[in-house]
>>> print(open('my_file26.txt').read())   # compact mmCIF, C-alpha atoms
# COMPACT_ATOMS: atom_id res chain seq x y z
CA MET A 400 0.00 0.00 0.00
CA ALA A 401 1.11 3.57 -0.73
CA ALA A 402 0.72 4.52 2.93
CA ASP A 403 3.36 1.94 3.87
CA ARG A 404 6.00 3.32 1.54
CA ARG A 405 8.94 4.96 3.28
CA ASP A 406 9.70 7.62 0.62
CA LEU A 407 13.43 6.90 0.89
CA ILE A 408 16.15 7.55 -1.65
CA LEU A 409 17.80 4.14 -1.80
CA PRO A 410 21.61 3.77 -1.51
CA LEU A 411 21.93 2.62 -5.15
CA THR A 412 20.25 5.83 -6.32
CA ARG A 413 22.69 7.96 -4.35
CA ARG A 414 25.69 5.96 -5.57
CA VAL A 415 24.67 6.42 -9.20
CA ALA A 416 24.27 10.18 -8.65
CA LEU A 417 27.73 10.30 -7.05
CA VAL A 418 29.31 8.51 -10.02
CA VAL A 419 27.50 10.51 -12.70
CA ILE A 420 28.30 14.02 -11.39
CA PRO A 421 32.09 14.02 -12.16
CA PHE A 422 31.47 12.90 -15.77
CA LEU A 423 28.89 15.64 -16.25
CA LEU A 424 31.17 18.23 -14.68
CA VAL A 425 34.12 17.44 -16.95
CA ALA A 426 31.89 17.45 -20.03
CA PHE A 427 30.29 20.75 -18.99
CA ILE A 428 33.63 22.50 -18.49
CA MET A 429 34.99 21.16 -21.77
CA LEU A 430 31.96 22.09 -23.89
CA PHE A 431 30.90 25.37 -22.27
CA PHE A 432 34.30 27.01 -21.83
CA PHE A 433 36.16 25.45 -24.77
CA PRO A 434 33.43 24.92 -27.38
CA GLY A 435 35.79 25.61 -30.27
CA LYS A 436 38.13 22.76 -29.32
CA THR A 437 35.81 19.76 -29.40
CA GLU A 438 37.84 18.11 -32.17
CA GLN A 439 40.80 17.86 -29.75
CA TYR A 440 38.99 17.33 -26.45
CA PHE A 441 35.63 15.70 -27.17
CA ALA A 442 34.23 12.48 -28.61
CA TRP A 443 33.60 14.16 -31.98
CA ASN A 444 33.95 17.53 -33.61
CA LEU A 445 30.78 19.12 -32.22
CA GLN A 446 30.31 22.36 -34.12
CA PRO A 447 29.26 25.13 -34.30
CA GLU A 448 29.98 26.39 -30.82
CA MET A 449 26.28 26.92 -30.03
CA SER A 450 25.63 23.18 -30.33
CA ALA A 451 28.50 22.40 -27.98
CA MET A 452 27.43 24.99 -25.41
CA MET A 453 23.80 23.90 -25.53
CA LEU A 454 24.85 20.33 -24.76
CA ALA A 455 27.00 21.70 -21.93
CA ALA A 456 23.92 23.49 -20.55
CA ALA A 457 22.02 20.18 -20.51
CA TYR A 458 24.89 18.62 -18.57
CA ALA A 459 24.84 21.55 -16.12
CA GLY A 460 21.17 20.87 -15.45
CA GLY A 461 22.11 17.24 -14.80
CA ILE A 462 24.79 18.31 -12.31
CA TYR A 463 22.23 20.47 -10.49
CA PHE A 464 19.71 17.63 -10.41
CA PHE A 465 22.02 14.83 -9.27
CA THR A 466 23.55 17.09 -6.61
CA GLY A 467 19.98 17.56 -5.39
CA VAL A 468 19.55 13.79 -5.33
CA LEU A 469 22.51 13.57 -2.94
CA ALA A 470 21.17 16.41 -0.78
CA SER A 471 17.49 15.36 -0.64
CA ARG A 472 15.96 13.03 1.92
CA HIS A 473 12.81 11.84 0.16
CA TRP A 474 12.37 9.95 -3.10
CA HIS A 475 9.31 11.89 -4.22
CA GLN A 476 11.40 15.09 -4.18
CA VAL A 477 13.70 13.75 -6.93
CA LYS A 478 11.70 11.11 -8.79
CA VAL A 479 10.47 13.43 -11.57
CA GLY A 480 13.97 13.95 -12.93
CA PHE A 481 14.81 10.35 -13.77
CA LEU A 482 12.55 9.68 -16.75
CA PRO A 483 13.56 12.93 -18.54
CA THR A 484 17.20 11.94 -17.95
CA PHE A 485 16.48 8.47 -19.31
CA ALA A 486 14.86 9.94 -22.44
CA PHE A 487 17.80 12.28 -23.02
CA THR A 488 20.48 9.63 -22.59
CA ALA A 489 18.55 7.01 -24.58
CA MET A 490 18.15 9.39 -27.52
CA THR A 491 21.83 10.34 -27.48
CA GLY A 492 22.64 6.63 -27.35
CA VAL A 493 20.54 5.88 -30.42
CA ALA A 494 22.05 8.90 -32.20
CA THR A 495 25.53 7.59 -31.39
CA ILE A 496 24.76 4.20 -32.91
CA LEU A 497 23.20 5.76 -36.02
CA HIS A 498 26.22 8.00 -36.60
CA TRP A 499 28.93 5.73 -35.19
CA GLU A 500 31.44 6.50 -37.96
CA LEU A 501 31.52 10.22 -37.11
CA PHE A 502 33.02 9.71 -33.65
CA ASN A 503 36.69 9.77 -32.74
CA HIS A 504 37.05 6.17 -31.58
CA ALA A 505 40.69 6.69 -30.59
CA HIS A 506 39.93 9.46 -28.09
CA LEU A 507 39.42 8.76 -24.39
CA ALA A 508 36.42 11.11 -24.42
CA PHE A 509 34.70 8.71 -26.83
CA TYR A 510 34.55 6.00 -24.18
CA ALA A 511 33.18 8.46 -21.63
CA TRP A 512 30.57 9.48 -24.21
CA VAL A 513 29.60 5.86 -24.84
CA GLY A 514 29.23 5.35 -21.11
CA MET A 515 27.03 8.42 -20.74
CA SER A 516 24.89 7.79 -23.83
CA ILE A 517 24.61 4.01 -24.17
CA ILE A 518 25.22 2.56 -20.71
CA ALA A 519 23.72 5.41 -18.64
CA PRO A 520 20.10 5.07 -19.89
CA VAL A 521 20.02 1.43 -18.77
CA ILE A 522 21.33 2.39 -15.33
CA ILE A 523 19.03 5.41 -14.97
CA LEU A 524 15.96 3.36 -15.87
CA ALA A 525 17.03 0.58 -13.48
CA VAL A 526 17.45 3.12 -10.66
CA TRP A 527 14.01 4.57 -11.31
CA LEU A 528 12.38 1.14 -11.41
CA ASN A 529 14.20 0.12 -8.24
CA ASN A 530 13.31 3.23 -6.24
CA ARG A 531 9.85 4.13 -7.57
CA LEU A 532 7.93 1.90 -5.16
CA GLU A 533 9.16 4.11 -2.32
CA ASP A 534 6.87 6.91 -3.50
CA PRO A 535 3.80 7.30 -1.23
CA LEU A 536 2.03 8.92 -4.23
CA TYR A 537 -0.33 11.11 -2.20
CA PRO A 538 0.35 14.59 -0.78
CA GLU A 539 1.12 14.87 2.90
CA LYS A 540 -0.98 17.06 5.15
CA GLY A 541 -0.07 20.69 4.52
CA GLU A 542 1.57 19.90 1.17
CA VAL A 543 1.54 22.71 -1.40
CA ILE A 544 -0.52 21.54 -4.38
CA ILE A 545 0.26 22.48 -7.98
CA SER A 546 -2.78 24.11 -9.49
CA TYR A 547 -4.56 22.73 -12.55
CA GLY A 548 -3.66 25.88 -14.50
CA LEU A 549 0.04 25.50 -13.76
CA ARG A 550 -0.05 21.85 -14.77
CA ARG A 551 -1.65 22.94 -18.05
CA PHE A 552 1.32 25.28 -18.56
CA PHE A 553 3.67 22.34 -18.04
CA GLY A 554 1.57 20.36 -20.50
CA LEU A 555 1.95 23.10 -23.12
CA ILE A 556 5.73 23.03 -22.73
CA CYS A 557 5.58 19.25 -23.00
CA ALA A 558 3.56 19.31 -26.23
CA VAL A 559 5.74 21.89 -28.01
CA THR A 560 9.11 20.47 -27.03
CA LEU A 561 8.18 16.83 -27.65
CA ILE A 562 6.92 17.67 -31.15
CA VAL A 563 10.18 19.50 -31.92
CA ALA A 564 12.21 16.65 -30.41
CA ALA A 565 10.33 13.99 -32.39
CA VAL A 566 10.68 15.76 -35.75
CA LEU A 567 14.36 16.63 -35.20
CA PHE A 568 15.18 13.08 -34.18
CA LEU A 569 13.11 11.07 -36.67
CA VAL A 570 13.42 13.29 -39.75
CA PRO A 571 16.26 15.72 -38.98
CA ASN A 572 16.56 16.95 -42.57
CA LEU A 573 13.06 18.37 -42.32
CA LEU A 574 14.16 21.07 -39.87
CA ILE A 575 17.88 21.42 -40.51
CA ASP A 576 17.49 24.16 -43.14
CA ALA A 577 15.07 26.11 -40.94
CA TRP A 578 17.10 25.82 -37.71
CA PRO A 579 18.62 29.00 -36.24
CA TRP A 580 22.18 27.68 -36.53
CA GLU A 581 23.93 25.05 -38.62
CA LEU A 582 23.04 21.44 -37.82
CA THR A 583 24.07 18.07 -39.19
CA PRO A 584 21.84 14.98 -38.84
CA LEU A 585 23.91 13.96 -35.79
CA THR A 586 23.78 17.33 -34.03
CA ALA A 587 20.08 17.63 -34.91
CA ARG A 588 19.43 14.36 -33.07
CA ILE A 589 21.52 15.51 -30.09
CA VAL A 590 19.53 18.76 -29.95
CA ALA A 591 16.35 16.66 -30.15
CA ALA A 592 17.54 14.71 -27.11
CA MET A 593 17.99 17.99 -25.25
CA PHE A 594 14.45 19.06 -26.16
CA SER A 595 13.17 15.75 -24.76
CA LEU A 596 14.28 16.81 -21.26
CA PRO A 597 11.68 19.59 -20.74
CA GLY A 598 9.21 17.60 -22.85
CA VAL A 599 9.19 14.50 -20.67
CA LEU A 600 9.44 16.63 -17.53
CA GLY A 601 6.35 18.59 -18.58
CA LEU A 602 4.50 15.35 -19.26
CA GLU A 603 5.27 14.07 -15.77
CA LEU A 604 4.25 17.33 -14.12
CA VAL A 605 0.85 17.24 -15.82
CA PHE A 606 0.04 14.32 -13.51
CA GLU A 607 2.01 15.40 -10.43
CA THR A 608 0.16 17.53 -7.87
CA ARG A 609 2.89 17.86 -5.20
CA TRP A 610 5.03 20.98 -5.46
CA SER A 611 7.77 19.32 -3.43
CA ALA A 612 8.06 16.70 -6.19
CA ALA A 613 8.52 19.33 -8.89
CA ARG A 614 10.71 22.03 -7.38
CA LEU A 615 14.20 20.45 -7.69
CA THR A 616 13.78 19.31 -11.27
CA LEU A 617 12.26 22.65 -12.28
CA GLN A 618 15.22 24.44 -10.71
CA ALA A 619 17.60 22.23 -12.69
CA GLN A 620 15.67 22.81 -15.92
CA GLY A 621 15.54 26.56 -15.34
CA PHE A 622 19.29 26.62 -14.71
CA SER A 623 19.89 24.71 -17.94
CA ILE A 624 17.68 27.05 -19.99
CA PHE A 625 19.44 30.08 -18.48
CA LEU A 626 22.80 28.70 -19.62
CA ILE A 627 21.41 28.00 -23.11
CA LEU A 628 20.40 31.66 -23.33
CA VAL A 629 23.89 32.67 -22.15
CA ALA A 630 25.32 30.41 -24.85
CA ALA A 631 23.08 32.08 -27.44
CA VAL A 632 24.52 35.47 -26.50
CA VAL A 633 28.13 34.23 -26.51
CA SER A 634 27.64 32.33 -29.81
CA HIS A 635 25.42 34.92 -31.49
CA ASN A 636 27.54 34.78 -34.65
CA ASP A 637 26.42 31.17 -35.16
CA PHE A 638 22.79 32.26 -35.58
CA SER A 639 21.14 33.10 -38.87
CA PRO A 640 18.95 36.22 -38.82
CA GLY A 641 15.29 35.46 -39.16
CA LEU A 642 12.15 34.09 -37.56
CA SER A 643 13.66 30.81 -36.36
CA THR A 644 16.27 32.63 -34.27
CA TRP A 645 13.57 34.82 -32.74
CA LEU A 646 11.38 31.79 -31.99
CA PHE A 647 14.23 29.87 -30.39
CA ASN A 648 15.63 32.62 -28.17
CA ASP A 649 12.37 34.32 -27.24
CA GLY A 650 10.61 30.99 -26.78
CA LEU A 651 13.25 29.77 -24.33
CA ALA A 652 13.22 33.13 -22.54
CA LEU A 653 9.43 32.89 -22.11
CA ILE A 654 9.70 29.33 -20.78
CA LEU A 655 12.37 30.43 -18.31
CA LEU A 656 10.22 33.38 -17.23
CA GLY A 657 7.29 31.01 -16.76
CA ILE A 658 9.39 28.66 -14.63
CA ILE A 659 10.70 31.52 -12.48
CA THR A 660 7.23 33.04 -12.06
CA SER A 661 5.72 29.65 -11.20
CA PHE A 662 8.50 28.97 -8.72
CA ILE A 663 8.06 32.30 -6.94
CA TYR A 664 4.29 31.85 -6.81
CA MET A 665 4.44 28.29 -5.47
CA GLU A 666 7.13 29.09 -2.91
CA ALA A 667 4.97 31.92 -1.60
CA GLN A 668 2.27 29.42 -0.68
CA ALA A 669 2.19 27.55 2.62
CA PRO A 670 5.65 26.07 3.27
CA VAL A 671 6.23 22.54 2.07
CA ARG A 672 6.85 20.08 4.84
CA ARG A 673 10.38 18.69 4.39
CA VAL A 674 11.10 16.54 7.43
>>> encode(input="my_file26.txt", output="structure tokens")
Amino acid sequence: MAADRRDLILPLTRRVALVVIPFLLVAFIMLFFFPGKTEQYFAWNLQPEMSAMMLAAAYAGGIYFFTGVLASRHWHQVKVGFLPTFAFTAMTGVATILHWELFNHAHLAFYAWVGMSIIAPVIILAVWLNNRLEDPLYPEKGEVIISYGLRRFFGLICAVTLIVAAVLFLVPNLLIDAWPWELTPLTARIVAAMFSLPGVLGLELVFETRWSAARLTLQAQGFSIFLILVAAVVSHNDFSPGLSTWLFNDGLALILLGIITSFIYMEAQAPVRRV
């Protein structure tokens, strides 16, 4: 019964978070601060710089989330982040297999990439399956509840980003010419994987009423989007002028504003019980 569940983060879950964080940190530093040197330092020549920095921003969100997994006490506070992470890593894994010949197989970073994109989704899914029965499912007394309107907002984000992710991944050539910066079929599929993160997160939050279950993963997603916008400013020369650039940058800015506004509003409600 749900009432008998302890809501614990199991030791295996914490160990996986502890192992994943250093890999994400190294990849973030490499891609965000040295995006022009991916041919020397990364698993493949990931260009232009905007693509490299956007992937770095996704990794930064992962660092934020998995650090929260180590710091949190209850499973329901972190559970929403695992399926988006699984979707992201699984899609990068499939993209790696589809474009295997483009990778630098002699570089040490290639093996780290394989671990993060092909092995990691299996581990992440196993962790989620192993820990999910700890979730009591129902709000505790005094729990702040996510309103129906806010969950509809999450649903809208989910719908838009999942459609973009699906088209970019399944038929990348359909959007490559219209994308704000230069993409190849491989980088298009990697960008699609990044779009799956907010998409799957939004889908989960449509059905999640507990604010305490959403707040960490929303913080991580907001942090990631903020860094993508920073990357867009730094790599502005990579962008083509036109509607697609406006839609990308302004769309992400509006999503970030929505996350921040939602966060402030929900935090202003009765305090969440975290004991």
>>> atom_distance(input="my_file26.txt", atom1="CA of Leu409 in chain A", atom2="CA of Ile523 in chain A")
13.3 Å
>>> closest_residue(input="my_file26.txt", among="A:Phe552, A:Thr495, A:Pro447, A:Leu596", to="Ser661 in chain A", atoms="all atoms listed in the file")
A:Phe552
>>> residues_around(input="my_file26.txt", residues="Pro597 in chain A", least_positions_apart="6", cutoff="8 Å", atoms="only C-alpha atoms", output="PyMOL selection string")
chain A and resi 483+556-557+560+620
>>> write_last_selection(input="my_file26.txt", atoms="C-alpha atoms", output="mmCIF file, in the coordinates of the input")
data_model
loop_
_atom_site.group_PDB
_atom_site.id
_atom_site.type_symbol
_atom_site.label_atom_id
_atom_site.label_comp_id
_atom_site.auth_asym_id
_atom_site.auth_seq_id
_atom_site.Cartn_x
_atom_site.Cartn_y
_atom_site.Cartn_z
ATOM 1 C CA PRO A 483 13.560 12.930 -18.540
ATOM 2 C CA ILE A 556 5.730 23.030 -22.730
ATOM 3 C CA CYS A 557 5.580 19.250 -23.000
ATOM 4 C CA THR A 560 9.110 20.470 -27.030
ATOM 5 C CA GLN A 620 15.670 22.810 -15.920
#
>>> closest_residue(input="my_file26.txt", among="A:Arg550, A:Lys436, A:His498, A:Lys478", to="Leu524 in chain A", atoms="all atoms listed in the file")
A:Lys478
>>> atom_distance(input="my_file26.txt", atom1="CA of Ala451 in chain A", atom2="CA of Ala416 in chain A")
23.3 Å
>>> residues_around(input="my_file26.txt", residues="range 568-580 of chain A", least_positions_apart="3", cutoff="9 Å", atoms="all atoms listed in the file", output="PyMOL selection string")
chain A and resi 447+449-450+490+494+563-565+583-585+587-592+637-647
>>> write_last_selection(input="my_file26.txt", atoms="C-alpha atoms", output="JSON list (two decimals), in the frame of the given file")
[["chain", "number", "residue", "atom", "x", "y", "z"],
["A", 447, "PRO", "CA", 29.26, 25.13, -34.30],
["A", 449, "MET", "CA", 26.28, 26.92, -30.03],
["A", 450, "SER", "CA", 25.63, 23.18, -30.33],
["A", 490, "MET", "CA", 18.15, 9.39, -27.52],
["A", 494, "ALA", "CA", 22.05, 8.90, -32.20],
["A", 563, "VAL", "CA", 10.18, 19.50, -31.92],
["A", 564, "ALA", "CA", 12.21, 16.65, -30.41],
["A", 565, "ALA", "CA", 10.33, 13.99, -32.39],
["A", 583, "THR", "CA", 24.07, 18.07, -39.19],
["A", 584, "PRO", "CA", 21.84, 14.98, -38.84],
["A", 585, "LEU", "CA", 23.91, 13.96, -35.79],
["A", 587, "ALA", "CA", 20.08, 17.63, -34.91],
["A", 588, "ARG", "CA", 19.43, 14.36, -33.07],
["A", 589, "ILE", "CA", 21.52, 15.51, -30.09],
["A", 590, "VAL", "CA", 19.53, 18.76, -29.95],
["A", 591, "ALA", "CA", 16.35, 16.66, -30.15],
["A", 592, "ALA", "CA", 17.54, 14.71, -27.11],
["A", 637, "ASP", "CA", 26.42, 31.17, -35.16],
["A", 638, "PHE", "CA", 22.79, 32.26, -35.58],
["A", 639, "SER", "CA", 21.14, 33.10, -38.87],
["A", 640, "PRO", "CA", 18.95, 36.22, -38.82],
["A", 641, "GLY", "CA", 15.29, 35.46, -39.16],
["A", 642, "LEU", "CA", 12.15, 34.09, -37.56],
["A", 643, "SER", "CA", 13.66, 30.81, -36.36],
["A", 644, "THR", "CA", 16.27, 32.63, -34.27],
["A", 645, "TRP", "CA", 13.57, 34.82, -32.74],
["A", 646, "LEU", "CA", 11.38, 31.79, -31.99],
["A", 647, "PHE", "CA", 14.23, 29.87, -30.39]]
>>> decode(input="my_file26.txt", residues="range 453-469 of chain A", atoms="N, CA and C atoms", output="PDB file, in the first residue's frame")
ATOM      1  N   MET A 453      25.144  24.330 -25.921  1.00  0.00           N
ATOM      2  CA  MET A 453      23.800  23.896 -25.535  1.00  0.00           C
ATOM      3  C   MET A 453      23.850  22.528 -24.869  1.00  0.00           C
ATOM      4  N   LEU A 454      24.686  21.624 -25.400  1.00  0.00           N
ATOM      5  CA  LEU A 454      24.849  20.326 -24.758  1.00  0.00           C
ATOM      6  C   LEU A 454      25.457  20.495 -23.364  1.00  0.00           C
ATOM      7  N   ALA A 455      26.407  21.418 -23.238  1.00  0.00           N
ATOM      8  CA  ALA A 455      27.001  21.701 -21.928  1.00  0.00           C
ATOM      9  C   ALA A 455      25.934  22.168 -20.938  1.00  0.00           C
ATOM     10  N   ALA A 456      24.994  22.999 -21.419  1.00  0.00           N
ATOM     11  CA  ALA A 456      23.924  23.488 -20.550  1.00  0.00           C
ATOM     12  C   ALA A 456      23.038  22.341 -20.068  1.00  0.00           C
ATOM     13  N   ALA A 457      22.796  21.359 -20.935  1.00  0.00           N
ATOM     14  CA  ALA A 457      22.022  20.184 -20.515  1.00  0.00           C
ATOM     15  C   ALA A 457      22.765  19.421 -19.433  1.00  0.00           C
ATOM     16  N   TYR A 458      24.082  19.298 -19.590  1.00  0.00           N
ATOM     17  CA  TYR A 458      24.889  18.623 -18.574  1.00  0.00           C
ATOM     18  C   TYR A 458      24.878  19.398 -17.251  1.00  0.00           C
ATOM     19  N   ALA A 459      24.888  20.730 -17.341  1.00  0.00           N
ATOM     20  CA  ALA A 459      24.841  21.546 -16.121  1.00  0.00           C
ATOM     21  C   ALA A 459      23.542  21.307 -15.362  1.00  0.00           C
ATOM     22  N   GLY A 460      22.430  21.198 -16.103  1.00  0.00           N
ATOM     23  CA  GLY A 460      21.168  20.870 -15.452  1.00  0.00           C
ATOM     24  C   GLY A 460      21.238  19.510 -14.770  1.00  0.00           C
ATOM     25  N   GLY A 461      21.931  18.556 -15.401  1.00  0.00           N
ATOM     26  CA  GLY A 461      22.109  17.245 -14.797  1.00  0.00           C
ATOM     27  C   GLY A 461      22.931  17.303 -13.521  1.00  0.00           C
ATOM     28  N   ILE A 462      23.981  18.134 -13.523  1.00  0.00           N
ATOM     29  CA  ILE A 462      24.786  18.313 -12.309  1.00  0.00           C
ATOM     30  C   ILE A 462      23.925  18.861 -11.175  1.00  0.00           C
ATOM     31  N   TYR A 463      23.124  19.866 -11.493  1.00  0.00           N
ATOM     32  CA  TYR A 463      22.230  20.465 -10.493  1.00  0.00           C
ATOM     33  C   TYR A 463      21.279  19.406  -9.938  1.00  0.00           C
ATOM     34  N   PHE A 464      20.681  18.631 -10.845  1.00  0.00           N
ATOM     35  CA  PHE A 464      19.705  17.634 -10.414  1.00  0.00           C
ATOM     36  C   PHE A 464      20.342  16.542  -9.560  1.00  0.00           C
ATOM     37  N   PHE A 465      21.425  15.951 -10.014  1.00  0.00           N
ATOM     38  CA  PHE A 465      22.019  14.834  -9.275  1.00  0.00           C
ATOM     39  C   PHE A 465      22.654  15.286  -7.960  1.00  0.00           C
ATOM     40  N   THR A 466      23.110  16.545  -7.907  1.00  0.00           N
ATOM     41  CA  THR A 466      23.550  17.086  -6.613  1.00  0.00           C
ATOM     42  C   THR A 466      22.366  17.172  -5.662  1.00  0.00           C
ATOM     43  N   GLY A 467      21.201  17.550  -6.198  1.00  0.00           N
ATOM     44  CA  GLY A 467      19.980  17.557  -5.393  1.00  0.00           C
ATOM     45  C   GLY A 467      19.575  16.175  -4.927  1.00  0.00           C
ATOM     46  N   VAL A 468      19.835  15.166  -5.749  1.00  0.00           N
ATOM     47  CA  VAL A 468      19.548  13.787  -5.335  1.00  0.00           C
ATOM     48  C   VAL A 468      20.388  13.423  -4.101  1.00  0.00           C
ATOM     49  N   LEU A 469      21.648  13.849  -4.091  1.00  0.00           N
ATOM     50  CA  LEU A 469      22.511  13.572  -2.940  1.00  0.00           C
ATOM     51  C   LEU A 469      22.060  14.343  -1.697  1.00  0.00           C
TER      52      LEU A 469
END
